[in-house]
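**Q** Sending over data_18.cif (mmCIF, C-alpha atoms).
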data_entry
loop_
_atom_site.label_atom_id
_atom_site.label_comp_id
_atom_site.auth_asym_id
_atom_site.auth_seq_id
_atom_site.Cartn_x
_atom_site.Cartn_y
_atom_site.Cartn_z
CA MET A 82 20.23 6.82 0.10
CA PHE A 83 17.92 8.46 2.62
CA LEU A 84 14.82 10.61 3.00
CA LYS A 85 15.86 14.15 3.92
CA THR A 86 12.56 16.03 4.22
CA LEU A 87 8.85 15.37 3.81
CA TYR A 88 6.07 17.92 3.33
CA LEU A 89 2.46 16.88 3.89
CA ARG A 90 -0.75 18.70 3.04
CA ASN A 91 -4.24 17.37 3.72
CA PHE A 92 -2.87 13.89 4.42
CA ARG A 93 -4.86 11.93 7.04
CA ASN A 94 -4.96 14.18 10.15
CA TYR A 95 -2.22 16.51 8.87
CA SER A 96 -3.42 19.85 7.58
CA GLU A 97 0.10 20.99 6.72
CA ALA A 98 3.45 19.90 8.10
CA GLN A 99 7.10 19.61 7.14
CA VAL A 100 9.48 17.15 8.76
CA ASP A 101 13.27 16.98 8.57
CA PHE A 102 14.82 13.57 9.09
CA ASP A 103 18.18 12.24 10.19
CA PRO A 104 20.02 9.80 7.89
CA LYS A 105 20.13 7.29 10.76
CA CYS A 106 17.45 6.57 13.37
CA ASN A 107 14.29 8.70 13.65
CA VAL A 108 11.84 8.14 16.52
CA LEU A 109 8.28 9.40 15.97
CA TYR A 110 6.75 9.52 19.45
CA GLY A 111 3.64 10.87 21.15
CA ASP A 112 0.31 9.73 22.56
CA ASN A 113 -1.93 7.36 20.65
CA ALA A 114 -4.10 8.66 17.78
CA GLN A 115 -1.93 11.76 17.21
CA GLY A 116 -0.59 10.91 13.74
CA LYS A 117 2.60 8.89 14.23
CA THR A 118 1.49 5.97 12.06
CA ASN A 119 -0.02 8.41 9.56
CA LEU A 120 3.40 10.00 9.07
CA LEU A 121 4.98 6.56 8.65
CA GLU A 122 2.23 5.76 6.14
CA ALA A 123 3.15 8.87 4.13
CA ILE A 124 6.80 7.80 4.09
CA TYR A 125 5.79 4.32 2.91
CA LEU A 126 3.58 5.83 0.19
CA ILE A 127 6.50 7.89 -1.08
CA ALA A 128 8.68 4.78 -1.09
CA THR A 129 6.32 2.23 -2.65
CA GLY A 130 3.40 4.09 -4.19
CA ARG A 131 0.91 2.42 -1.86
CA SER A 132 -0.41 2.61 1.70
CA PHE A 133 0.16 -0.20 4.19
CA LYS A 134 -3.20 0.50 5.85
CA THR A 135 -5.71 0.79 3.00
CA MET A 136 -6.18 0.09 -0.69
CA ARG A 137 -8.38 3.20 -1.05
CA LEU A 138 -6.43 6.40 -1.62
CA GLU A 139 -9.59 8.39 -0.83
CA GLU A 140 -9.11 7.45 2.83
CA LEU A 141 -5.77 9.30 2.88
CA ILE A 142 -7.38 12.67 2.13
CA ARG A 143 -7.94 14.81 5.23
CA GLU A 144 -11.61 14.96 6.20
CA GLY A 145 -13.36 17.90 4.55
CA GLN A 146 -10.66 18.37 1.90
CA SER A 147 -10.60 17.37 -1.78
CA PHE A 148 -6.98 16.23 -2.21
CA PHE A 149 -3.74 15.29 -0.52
CA TYR A 150 -0.23 16.33 -1.54
CA LEU A 151 3.17 14.96 -0.51
CA GLU A 152 6.59 16.28 -1.43
CA ALA A 153 9.84 14.59 -0.47
CA VAL A 154 13.52 15.33 -0.91
CA VAL A 155 15.55 12.15 -1.30
CA VAL A 156 19.35 11.99 -1.25
CA ARG A 157 20.90 9.28 -3.38
CA ASP A 158 24.61 9.09 -4.22
CA MET A 159 25.01 12.57 -2.68
CA ILE A 160 22.47 14.02 -5.15
CA GLU A 161 19.14 15.48 -3.99
CA GLN A 162 16.02 14.46 -5.86
CA SER A 163 12.50 15.84 -5.45
CA ILE A 164 9.42 13.60 -5.48
CA LYS A 165 5.92 15.12 -5.58
CA LEU A 166 2.69 13.19 -5.56
CA SER A 167 -0.96 14.06 -5.17
CA PHE A 168 -4.43 12.56 -5.41
CA ASP A 169 -7.70 14.49 -5.81
CA GLY A 170 -10.14 11.65 -5.37
CA GLU A 171 -9.99 10.64 -9.02
CA SER A 172 -6.57 11.31 -10.54
CA ARG A 173 -3.07 10.45 -9.38
CA ARG A 174 -0.18 12.73 -10.22
CA LEU A 175 3.50 11.93 -9.68
CA GLN A 176 6.39 14.22 -10.55
CA THR A 177 10.03 13.16 -10.27
CA GLU A 178 12.40 15.86 -11.48
CA ALA A 179 11.43 16.50 -15.12
CA ASN A 180 9.01 13.56 -15.49
CA THR A 181 5.28 13.52 -14.76
CA TYR A 182 3.15 10.37 -14.46
CA SER A 183 -0.51 9.53 -13.87
CA SER A 184 0.39 6.47 -11.78
CA PHE A 185 2.36 5.89 -8.58
CA HIS A 186 3.94 2.66 -9.89
CA HIS A 187 6.99 4.60 -11.04
CA LEU A 188 7.93 5.19 -7.38
CA LEU A 189 9.00 1.55 -7.02
CA GLY A 190 12.76 1.39 -6.68
CA LEU A 191 13.34 5.11 -6.13
CA LEU A 192 13.47 4.72 -2.35
CA PRO A 193 13.58 1.00 -1.44
CA SER A 194 11.85 0.35 1.84
CA VAL A 195 10.88 -2.37 4.33
CA LEU A 196 8.10 -2.03 6.90
CA TYR A 197 7.67 -4.00 10.12
CA ALA A 198 4.15 -3.51 11.52
CA PRO A 199 2.07 -5.11 14.31
CA GLY A 200 -0.21 -6.87 11.81
CA ASP A 201 2.68 -8.65 10.13
CA THR A 202 1.83 -11.99 11.73
CA GLU A 203 -1.02 -12.20 9.18
CA LEU A 204 1.71 -13.06 6.69
CA ILE A 205 1.99 -16.33 8.59
CA THR A 206 -1.65 -16.97 9.50
CA GLY A 207 -3.46 -15.22 6.65
CA SER A 208 -4.26 -16.17 3.07
CA PRO A 209 -1.62 -17.11 0.46
CA ALA A 210 -2.48 -13.87 -1.36
CA LEU A 211 -0.82 -11.89 1.46
CA ARG A 212 2.38 -13.87 1.06
CA ARG A 213 2.34 -13.42 -2.71
CA ARG A 214 1.95 -9.69 -2.13
CA PHE A 215 5.04 -9.83 0.09
CA PHE A 216 6.90 -11.58 -2.76
CA ASN A 217 5.74 -9.07 -5.35
CA LEU A 218 6.40 -5.86 -3.44
CA HIS A 219 9.87 -6.93 -2.36
CA LEU A 220 10.92 -8.01 -5.84
CA ALA A 221 9.29 -5.03 -7.57
CA GLN A 222 11.49 -2.63 -5.59
CA SER A 223 14.71 -4.16 -6.87
CA ASP A 224 13.86 -5.61 -10.29
CA PRO A 225 11.93 -3.55 -12.90
CA LEU A 226 11.82 -6.61 -15.16
CA TYR A 227 9.89 -8.47 -12.47
CA VAL A 228 7.19 -5.77 -12.60
CA HIS A 229 7.09 -6.08 -16.39
CA HIS A 230 6.61 -9.86 -16.33
CA LEU A 231 4.12 -9.76 -13.46
CA SER A 232 1.96 -7.23 -15.33
CA ARG A 233 2.34 -9.18 -18.57
CA PHE A 234 1.31 -12.45 -16.93
CA TRP A 235 -1.80 -10.91 -15.34
CA ARG A 236 -2.81 -9.22 -18.59
CA ALA A 237 -2.48 -12.46 -20.56
CA MET A 238 -4.26 -14.50 -17.86
CA LYS A 239 -7.17 -12.05 -17.85
CA GLN A 240 -7.56 -12.60 -21.61
CA ARG A 241 -7.27 -16.37 -21.21
CA ASN A 242 -9.92 -16.42 -18.47
CA CYS A 243 -12.26 -14.43 -20.68
CA LEU A 244 -11.80 -16.98 -23.49
CA LEU A 245 -12.32 -19.86 -21.05
CA ARG A 246 -15.66 -18.41 -19.98
CA GLN A 247 -16.60 -18.05 -23.66
CA ARG A 248 -15.50 -21.67 -24.25
CA ASN A 249 -13.28 -20.40 -27.06
CA GLU A 250 -10.35 -22.82 -27.18
CA GLN A 251 -8.94 -21.89 -30.57
CA ASP A 252 -7.58 -18.52 -29.43
CA LEU A 253 -6.08 -19.69 -26.14
CA GLU A 254 -2.61 -20.70 -27.31
CA CYS A 255 -1.19 -17.25 -28.00
CA TRP A 256 -2.16 -16.07 -24.51
CA GLU A 257 -0.87 -19.27 -22.91
CA ALA A 258 2.49 -18.82 -24.62
CA GLU A 259 2.74 -15.28 -23.23
CA MET A 260 1.77 -16.49 -19.76
CA ALA A 261 4.36 -19.27 -19.87
CA HIS A 262 7.13 -16.89 -20.93
CA SER A 263 6.50 -14.48 -18.04
CA ALA A 264 5.77 -17.26 -15.55
CA ALA A 265 9.22 -18.70 -16.15
CA TYR A 266 10.84 -15.39 -15.17
CA LEU A 267 8.62 -15.03 -12.09
CA TYR A 268 9.41 -18.59 -10.99
CA THR A 269 13.17 -18.09 -11.34
CA THR A 270 13.15 -14.75 -9.53
CA ARG A 271 11.02 -16.00 -6.65
CA MET A 272 13.21 -19.06 -6.27
CA GLU A 273 16.33 -16.87 -6.19
CA MET A 274 14.77 -14.64 -3.54
CA THR A 275 14.01 -17.49 -1.15
CA HIS A 276 17.49 -18.92 -1.66
CA GLU A 277 19.20 -15.56 -1.06
CA MET A 278 17.18 -14.94 2.11
CA LYS A 279 18.04 -18.32 3.62
CA GLU A 280 21.27 -17.31 5.38
CA PRO A 281 20.20 -13.82 6.62
CA LEU A 282 16.87 -15.24 7.86
CA LEU A 283 18.60 -18.00 9.80
CA LYS A 284 21.09 -15.52 11.26
CA ALA A 285 18.37 -13.03 12.25
CA SER A 286 16.25 -15.75 13.86
CA HIS A 287 19.24 -16.94 15.90
CA THR A 288 20.00 -13.36 16.99
CA LEU A 289 16.45 -12.55 18.12
CA SER A 290 15.75 -15.91 19.77
CA GLY A 291 19.09 -16.47 21.43
CA LYS A 292 19.75 -19.32 19.00
CA LYS A 293 16.62 -21.15 20.19
CA GLU A 294 14.78 -20.93 16.87
CA SER A 295 15.74 -21.52 13.24
CA LEU A 296 13.61 -20.08 10.44
CA GLU A 297 13.35 -20.99 6.80
CA LEU A 298 11.31 -19.67 3.86
CA ARG A 299 10.02 -22.29 1.45
CA TYR A 300 8.71 -21.40 -1.99
CA GLN A 301 5.92 -23.73 -3.10
CA PRO A 302 5.08 -23.06 -6.76
CA SER A 303 1.87 -24.39 -8.29
CA TYR A 304 3.59 -25.15 -11.60
CA GLN A 305 6.90 -26.01 -13.23
CA PRO A 306 8.02 -23.53 -15.89
CA ASP A 307 9.33 -26.18 -18.30
CA SER A 308 5.95 -27.95 -18.37
CA TYR A 309 3.55 -25.05 -17.72
CA LEU A 310 2.13 -25.02 -21.26
CA ALA A 311 1.38 -28.73 -21.09
CA GLN A 312 -0.19 -28.24 -17.66
CA MET A 313 -2.52 -25.55 -18.97
CA ARG A 314 -3.58 -27.72 -21.90
CA LYS A 315 -4.26 -30.62 -19.55
CA ASN A 316 -6.34 -28.42 -17.25
CA ARG A 317 -8.43 -26.84 -20.02
CA PRO A 318 -11.59 -28.99 -19.66
CA ARG A 319 -11.87 -28.25 -15.94
CA GLU A 320 -10.85 -24.59 -16.32
CA ILE A 321 -13.48 -24.07 -19.02
CA LEU A 322 -16.11 -25.25 -16.55
CA LEU A 323 -14.78 -22.89 -13.85
CA GLY A 324 -13.84 -20.00 -16.14
CA ALA A 325 -10.50 -19.50 -14.38
CA THR A 326 -6.82 -20.45 -14.59
CA LEU A 327 -6.00 -22.85 -11.75
CA THR A 328 -2.19 -22.94 -11.82
CA GLY A 329 0.51 -20.33 -12.21
CA PRO A 330 2.34 -17.59 -10.30
CA HIS A 331 -1.02 -16.28 -9.04
CA ARG A 332 -1.45 -19.52 -7.06
CA ASP A 333 2.07 -19.89 -5.64
CA GLU A 334 2.63 -20.25 -1.91
CA LEU A 335 5.38 -19.06 0.40
CA ALA A 336 5.64 -20.84 3.74
CA LEU A 337 7.65 -19.91 6.83
CA HIS A 338 8.98 -22.86 8.85
CA ILE A 339 10.25 -22.86 12.44
CA GLN A 340 12.38 -25.83 13.43
CA ASN A 341 11.29 -27.49 10.14
CA LYS A 342 7.60 -27.18 11.03
CA PRO A 343 5.05 -24.85 9.39
CA ALA A 344 4.86 -21.72 11.53
CA ARG A 345 1.19 -21.30 10.62
CA LEU A 346 0.33 -24.55 12.40
CA PHE A 347 2.89 -24.96 15.15
CA ALA A 348 4.31 -21.57 16.19
CA SER A 349 3.19 -19.77 19.35
CA GLU A 350 2.18 -16.12 19.17
CA GLY A 351 5.57 -15.09 20.54
CA GLN A 352 7.38 -17.23 17.98
CA LYS A 353 5.31 -15.72 15.18
CA LYS A 354 6.23 -12.19 16.25
CA THR A 355 9.90 -13.09 16.49
CA ALA A 356 9.71 -14.80 13.10
CA MET A 357 8.28 -11.68 11.48
CA ALA A 358 10.99 -9.48 13.00
CA ALA A 359 13.61 -11.86 11.62
CA LEU A 360 11.90 -11.97 8.23
CA ARG A 361 11.86 -8.18 7.97
CA LEU A 362 15.54 -7.96 8.89
CA ALA A 363 16.39 -10.60 6.28
CA GLU A 364 14.21 -8.84 3.71
CA TRP A 365 16.05 -5.57 4.41
CA GLN A 366 19.45 -7.21 3.98
CA ARG A 367 18.55 -8.77 0.64
CA LEU A 368 17.01 -5.54 -0.63
CA CYS A 369 20.17 -3.61 0.26
CA ARG A 370 22.33 -6.09 -1.63
CA ARG A 371 20.09 -5.97 -4.67
CA VAL A 372 19.89 -2.17 -4.91
CA GLU A 373 23.51 -1.72 -3.83
CA GLY A 374 22.51 0.83 -1.21
CA MET A 375 20.87 1.21 2.19
CA ALA A 376 17.12 0.66 2.09
CA LEU A 377 14.78 2.40 4.56
CA MET A 378 13.41 0.49 7.54
CA GLY A 379 10.09 1.46 9.13
CA ILE A 380 8.90 -0.03 12.44
CA ASP A 381 5.35 0.83 13.51
CA ASP A 382 4.41 0.71 17.20
CA PHE A 383 7.86 -0.26 18.40
CA GLY A 384 7.56 -2.07 21.70
CA LEU A 385 4.34 -3.93 20.88
CA HIS A 386 5.92 -6.61 18.73
CA LEU A 387 8.21 -8.46 21.12
CA ASP A 388 8.81 -9.17 24.80
CA ASN A 389 11.41 -7.05 26.62
CA PRO A 390 14.48 -9.25 26.03
CA ARG A 391 13.75 -9.51 22.30
CA GLN A 392 13.00 -5.79 22.09
CA GLU A 393 16.49 -5.15 23.41
CA LEU A 394 17.93 -7.57 20.86
CA LEU A 395 16.08 -5.77 18.07
CA CYS A 396 17.27 -2.41 19.43
CA SER A 397 20.83 -3.65 19.18
CA GLN A 398 20.34 -4.13 15.43
CA LEU A 399 19.08 -0.60 14.69
CA ASP A 400 22.51 0.95 14.21
CA THR A 401 23.15 -1.48 11.34
CA LEU A 402 19.97 -0.61 9.40
CA GLY A 403 20.75 2.69 7.72
CA GLN A 404 17.85 5.14 7.94
CA VAL A 405 15.18 3.93 10.37
CA PHE A 406 11.74 5.35 11.17
CA LEU A 407 9.99 3.94 14.21
CA THR A 408 6.84 5.00 16.00
CA THR A 409 6.18 4.57 19.71
CA PRO A 410 3.81 6.04 22.31
CA HIS A 411 6.65 5.93 24.83
CA SER A 412 9.46 8.36 25.41
CA PRO A 413 12.63 7.37 23.49
CA ALA A 414 14.36 7.44 26.89
CA SER A 415 12.60 4.12 27.61
CA TRP A 416 15.22 2.40 25.48
CA LYS A 417 18.90 3.10 25.98
CA ALA A 418 19.63 2.21 22.35
CA LEU A 419 17.34 5.06 21.19
CA SER A 420 18.87 7.78 23.36
CA GLY A 421 20.95 9.14 20.49
CA ALA A 422 18.18 8.93 17.89
CA HIS A 423 16.59 11.94 16.20
CA GLN A 424 13.39 12.51 18.20
CA ILE A 425 10.25 13.87 16.52
CA ARG A 426 7.23 14.52 18.74
CA ILE A 427 3.83 14.17 17.06
CA GLU A 428 0.75 15.83 18.57
CA ALA A 429 -2.65 16.22 16.89
CA GLY A 430 -1.23 16.15 13.38
CA SER A 431 1.52 18.61 14.20
CA VAL A 432 5.27 18.02 14.31
CA GLY A 433 7.04 19.28 17.40
#
With the file now loaded, output its structure as structure tokens.

**A**
Amino acid sequence: MFLKTLYLRNFRNYSEAQVDFDPKCNVLYGDNAQGKTNLLEAIYLIATGRSFKTMRLEELIREGQSFFYLEAVVVRDMIEQSIKLSFDGESRRLQTEANTYSSFHHLLGLLPSVLYAPGDTELITGSPALRRRFFNLHLAQSDPLYVHHLSRFWRAMKQRNCLLRQRNEQDLECWEAEMAHSAAYLYTTRMEMTHEMKEPLLKASHTLSGKKESLELRYQPSYQPDSYLAQMRKNRPREILLGATLTGPHRDELALHIQNKPARLFASEGQKKTAMAALRLAEWQRLCRRVEGMALMGIDDFGLHLDNPRQELLCSQLDTLGQVFLTTPHSPASWKALSGAHQIRIEAGSVG
């Protein structure tokens, strides 16, 4: 599968543009603040239904305009498929072939994608919520049932929290049973993900570090699915006082370890950057296996992530990654491995 063409209108600094892509490596280059990352953001929005820079879709609308519109042609199993999406400040509209939706959630899984961006080290140093978001987005792209159970759990927990604040214990059990059912699926799926990423993560970390560093993901759930109902009942008195559910998939943690030590506490800045590159490569490999196809790989600001030797090691992996989109302010000639890539010059919101 790959992205063949993308049309943008009133998106960020693009008034109107159409871009044709190569099924392999595409280099978006040009000076800073010209629109390279904006184009990558549009690709990511088509792939996942969300931006990697903002939670507010209003910010994606070109200044002075009232809407943005994106249209993509995706090739999957030799068949072309059209995807159209727009936002007018209030309403979302998504059209895929003969179907029309008022939400972008239906994009998940149509064009599986992984993004490696300069701010990725926040996954190591930031809040657990960022790591849970990593969990959820990765799994949502390959498992529709995961999305179903995640939504079901949150809906039931919202009802339970409302009852806790009302101190209404008699109606809690039906919502707790629904939470426990979905939590069991989320637990199993998250555990499988960390297990399946173990080998590719170790291999990628050895490749990028010259076998100096070994990485491991560790899933740290806040509950056990076979005793979750009992745990909620035990916690009720305290949760009634707080008006919130204290344990469950919404409180799980995912930790990255380097040489058996928590990367958050012991890794240097260089090690953190290498760890994130390895994590993204491992994430891409697992996603490809799960969807039985080649997922997209986006790399924003290529050249800022790693030192020169590790940049070259990452470059050597690009040919194995299917369709790649990377942005850089430098000429593609700066890297020998990019000399044969499809080069797209970006200048002031225009595609050269």

**Q** What does the PyMOL selection byres ((chain A and resi 101) around 10) select in this file, as number ranges by chain?

**A** A: 84-88, 99-100, 102-104, 107, 153-154, 423, 425, 432

**Q** With C-alpha atoms retained, export the selected residues as a PDB file, in the coordinates of the input.

**A**
ATOM      1  CA  LEU A  84      14.820  10.610   3.000  1.00  0.00           C
ATOM      2  CA  LYS A  85      15.860  14.150   3.920  1.00  0.00           C
ATOM      3  CA  THR A  86      12.560  16.030   4.220  1.00  0.00           C
ATOM      4  CA  LEU A  87       8.850  15.370   3.810  1.00  0.00           C
ATOM      5  CA  TYR A  88       6.070  17.920   3.330  1.00  0.00           C
ATOM      6  CA  GLN A  99       7.100  19.610   7.140  1.00  0.00           C
ATOM      7  CA  VAL A 100       9.480  17.150   8.760  1.00  0.00           C
ATOM      8  CA  PHE A 102      14.820  13.570   9.090  1.00  0.00           C
ATOM      9  CA  ASP A 103      18.180  12.240  10.190  1.00  0.00           C
ATOM     10  CA  PRO A 104      20.020   9.800   7.890  1.00  0.00           C
ATOM     11  CA  ASN A 107      14.290   8.700  13.650  1.00  0.00           C
ATOM     12  CA  ALA A 153       9.840  14.590  -0.470  1.00  0.00           C
ATOM     13  CA  VAL A 154      13.520  15.330  -0.910  1.00  0.00           C
ATOM     14  CA  HIS A 423      16.590  11.940  16.200  1.00  0.00           C
ATOM     15  CA  ILE A 425      10.250  13.870  16.520  1.00  0.00           C
ATOM     16  CA  VAL A 432       5.270  18.020  14.310  1.00  0.00           C
TER      17      VAL A 432
END

**Q** On this structure, the PyMOL selection byres ((chain A and resi 129) around 12) would catch which residues? List them as a ChimeraX atom specification, sorted by chain and number.

**A** /A:122-128,130-133,166,184-196,217-223,376-377

**Q** Using all atoms listed in the file, determine which residues lie at most 10 Å from region 312-323 of chain A, disregarding the query and same-chain residues fewer than 4 positions distant; provide the list as an MDAnalysis selection string.

**A** chainID A and resid 242:250 253:254 257 261 304:308 327:329

**Q** Select, from A:Met136, A:Ala363, A:Phe92, A:Lys342, the residue with the minimum atom-to-atom distance to Leu121 (chain A), counting only C-alpha atoms.

**A**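 Comparing A:Met136, A:Ala363, A:Phe92, A:Lys342 against Leu121 (chain A), the winner is A:Phe92.
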
**Q** Kindly indicate which residue among A:Arg90, A:Lys353, A:Arg426, A:Arg370 lies nearest to Pro413 (chain A), using all atoms listed in the file for the distances.

**A**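 Among the listed residues, the smallest separation from Pro413 (chain A) belongs to A:Arg426.
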
**Q** Let me know the residues the PyMOL selection byres ((chain A and resi 145) around 12) catches in the file above, as a list in words.

**A** Asn91, Phe92, Arg93, Asn94, Ser96, Glu139, Glu140, Leu141, Ile142, Arg143, Glu144, Gln146, Ser147, Phe148 and Phe149 of chain A

**Q** Which of these residues is nearest to Phe347 (chain A), using all atoms listed in the file: A:Ile205, A:Ala359, A:Ile427, A:Leu89?

**A**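 Ranking A:Ile205, A:Ala359, A:Ile427, A:Leu89 by distance to Phe347 (chain A), first place goes to A:Ile205.
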
**Q** Between CA of Ala422 (chain A) and CA of Gly374 (chain A), what is the distance in Å, rounded to a tenth?

**A**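 CA of Gly374 (chain A) lies at a distance of 21.2 Å from CA of Ala422 (chain A).
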
**Q** By how many Å are CA of Glu203 (chain A) and CA of Ser349 (chain A) apart?

**A**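 So the answer is 13.4 Å.
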
**Q** Just the number, please: distance in Å from CA of Asp388 (chain A) to CA of Ser415 (chain A), one decimal.

**A** 14.1 Å

**Q** Any chance you could build region 259-270 of chain A out to N, CA, C and O atoms and write it as an mmCIF file, in the frame of the given file?

**A**
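Printed below is result.cif as written:
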data_model
loop_
_atom_site.group_PDB
_atom_site.id
_atom_site.type_symbol
_atom_site.label_atom_id
_atom_site.label_comp_id
_atom_site.auth_asym_id
_atom_site.auth_seq_id
_atom_site.Cartn_x
_atom_site.Cartn_y
_atom_site.Cartn_z
ATOM 1 N N GLU A 259 2.286 -16.504 -23.919
ATOM 2 C CA GLU A 259 2.740 -15.280 -23.230
ATOM 3 C C GLU A 259 2.786 -15.501 -21.723
ATOM 4 O O GLU A 259 3.734 -15.077 -21.042
ATOM 5 N N MET A 260 1.792 -16.178 -21.186
ATOM 6 C CA MET A 260 1.770 -16.490 -19.760
ATOM 7 C C MET A 260 2.974 -17.345 -19.370
ATOM 8 O O MET A 260 3.630 -17.091 -18.358
ATOM 9 N N ALA A 261 3.259 -18.363 -20.177
ATOM 10 C CA ALA A 261 4.360 -19.270 -19.870
ATOM 11 C C ALA A 261 5.704 -18.556 -19.892
ATOM 12 O O ALA A 261 6.578 -18.818 -19.049
ATOM 13 N N HIS A 262 5.872 -17.634 -20.836
ATOM 14 C CA HIS A 262 7.130 -16.890 -20.930
ATOM 15 C C HIS A 262 7.361 -16.060 -19.669
ATOM 16 O O HIS A 262 8.451 -16.094 -19.070
ATOM 17 N N SER A 263 6.347 -15.321 -19.235
ATOM 18 C CA SER A 263 6.500 -14.480 -18.040
ATOM 19 C C SER A 263 6.530 -15.307 -16.775
ATOM 20 O O SER A 263 7.252 -14.981 -15.821
ATOM 21 N N ALA A 264 5.783 -16.402 -16.743
ATOM 22 C CA ALA A 264 5.770 -17.260 -15.550
ATOM 23 C C ALA A 264 7.145 -17.848 -15.276
ATOM 24 O O ALA A 264 7.529 -18.016 -14.117
ATOM 25 N N ALA A 265 7.880 -18.154 -16.331
ATOM 26 C CA ALA A 265 9.220 -18.700 -16.150
ATOM 27 C C ALA A 265 10.128 -17.699 -15.446
ATOM 28 O O ALA A 265 10.919 -18.065 -14.568
ATOM 29 N N TYR A 266 10.015 -16.420 -15.824
ATOM 30 C CA TYR A 266 10.840 -15.390 -15.170
ATOM 31 C C TYR A 266 10.413 -15.214 -13.706
ATOM 32 O O TYR A 266 11.262 -15.104 -12.811
ATOM 33 N N LEU A 267 9.109 -15.194 -13.451
ATOM 34 C CA LEU A 267 8.620 -15.030 -12.090
ATOM 35 C C LEU A 267 9.066 -16.188 -11.201
ATOM 36 O O LEU A 267 9.470 -15.986 -10.052
ATOM 37 N N TYR A 268 8.987 -17.397 -11.730
ATOM 38 C CA TYR A 268 9.410 -18.590 -10.990
ATOM 39 C C TYR A 268 10.890 -18.481 -10.613
ATOM 40 O O TYR A 268 11.263 -18.686 -9.453
ATOM 41 N N THR A 269 11.728 -18.168 -11.585
ATOM 42 C CA THR A 269 13.170 -18.090 -11.340
ATOM 43 C C THR A 269 13.502 -17.016 -10.306
ATOM 44 O O THR A 269 14.310 -17.230 -9.398
ATOM 45 N N THR A 270 12.863 -15.866 -10.432
ATOM 46 C CA THR A 270 13.150 -14.750 -9.530
ATOM 47 C C THR A 270 12.677 -15.047 -8.112
ATOM 48 O O THR A 270 13.377 -14.734 -7.134
#
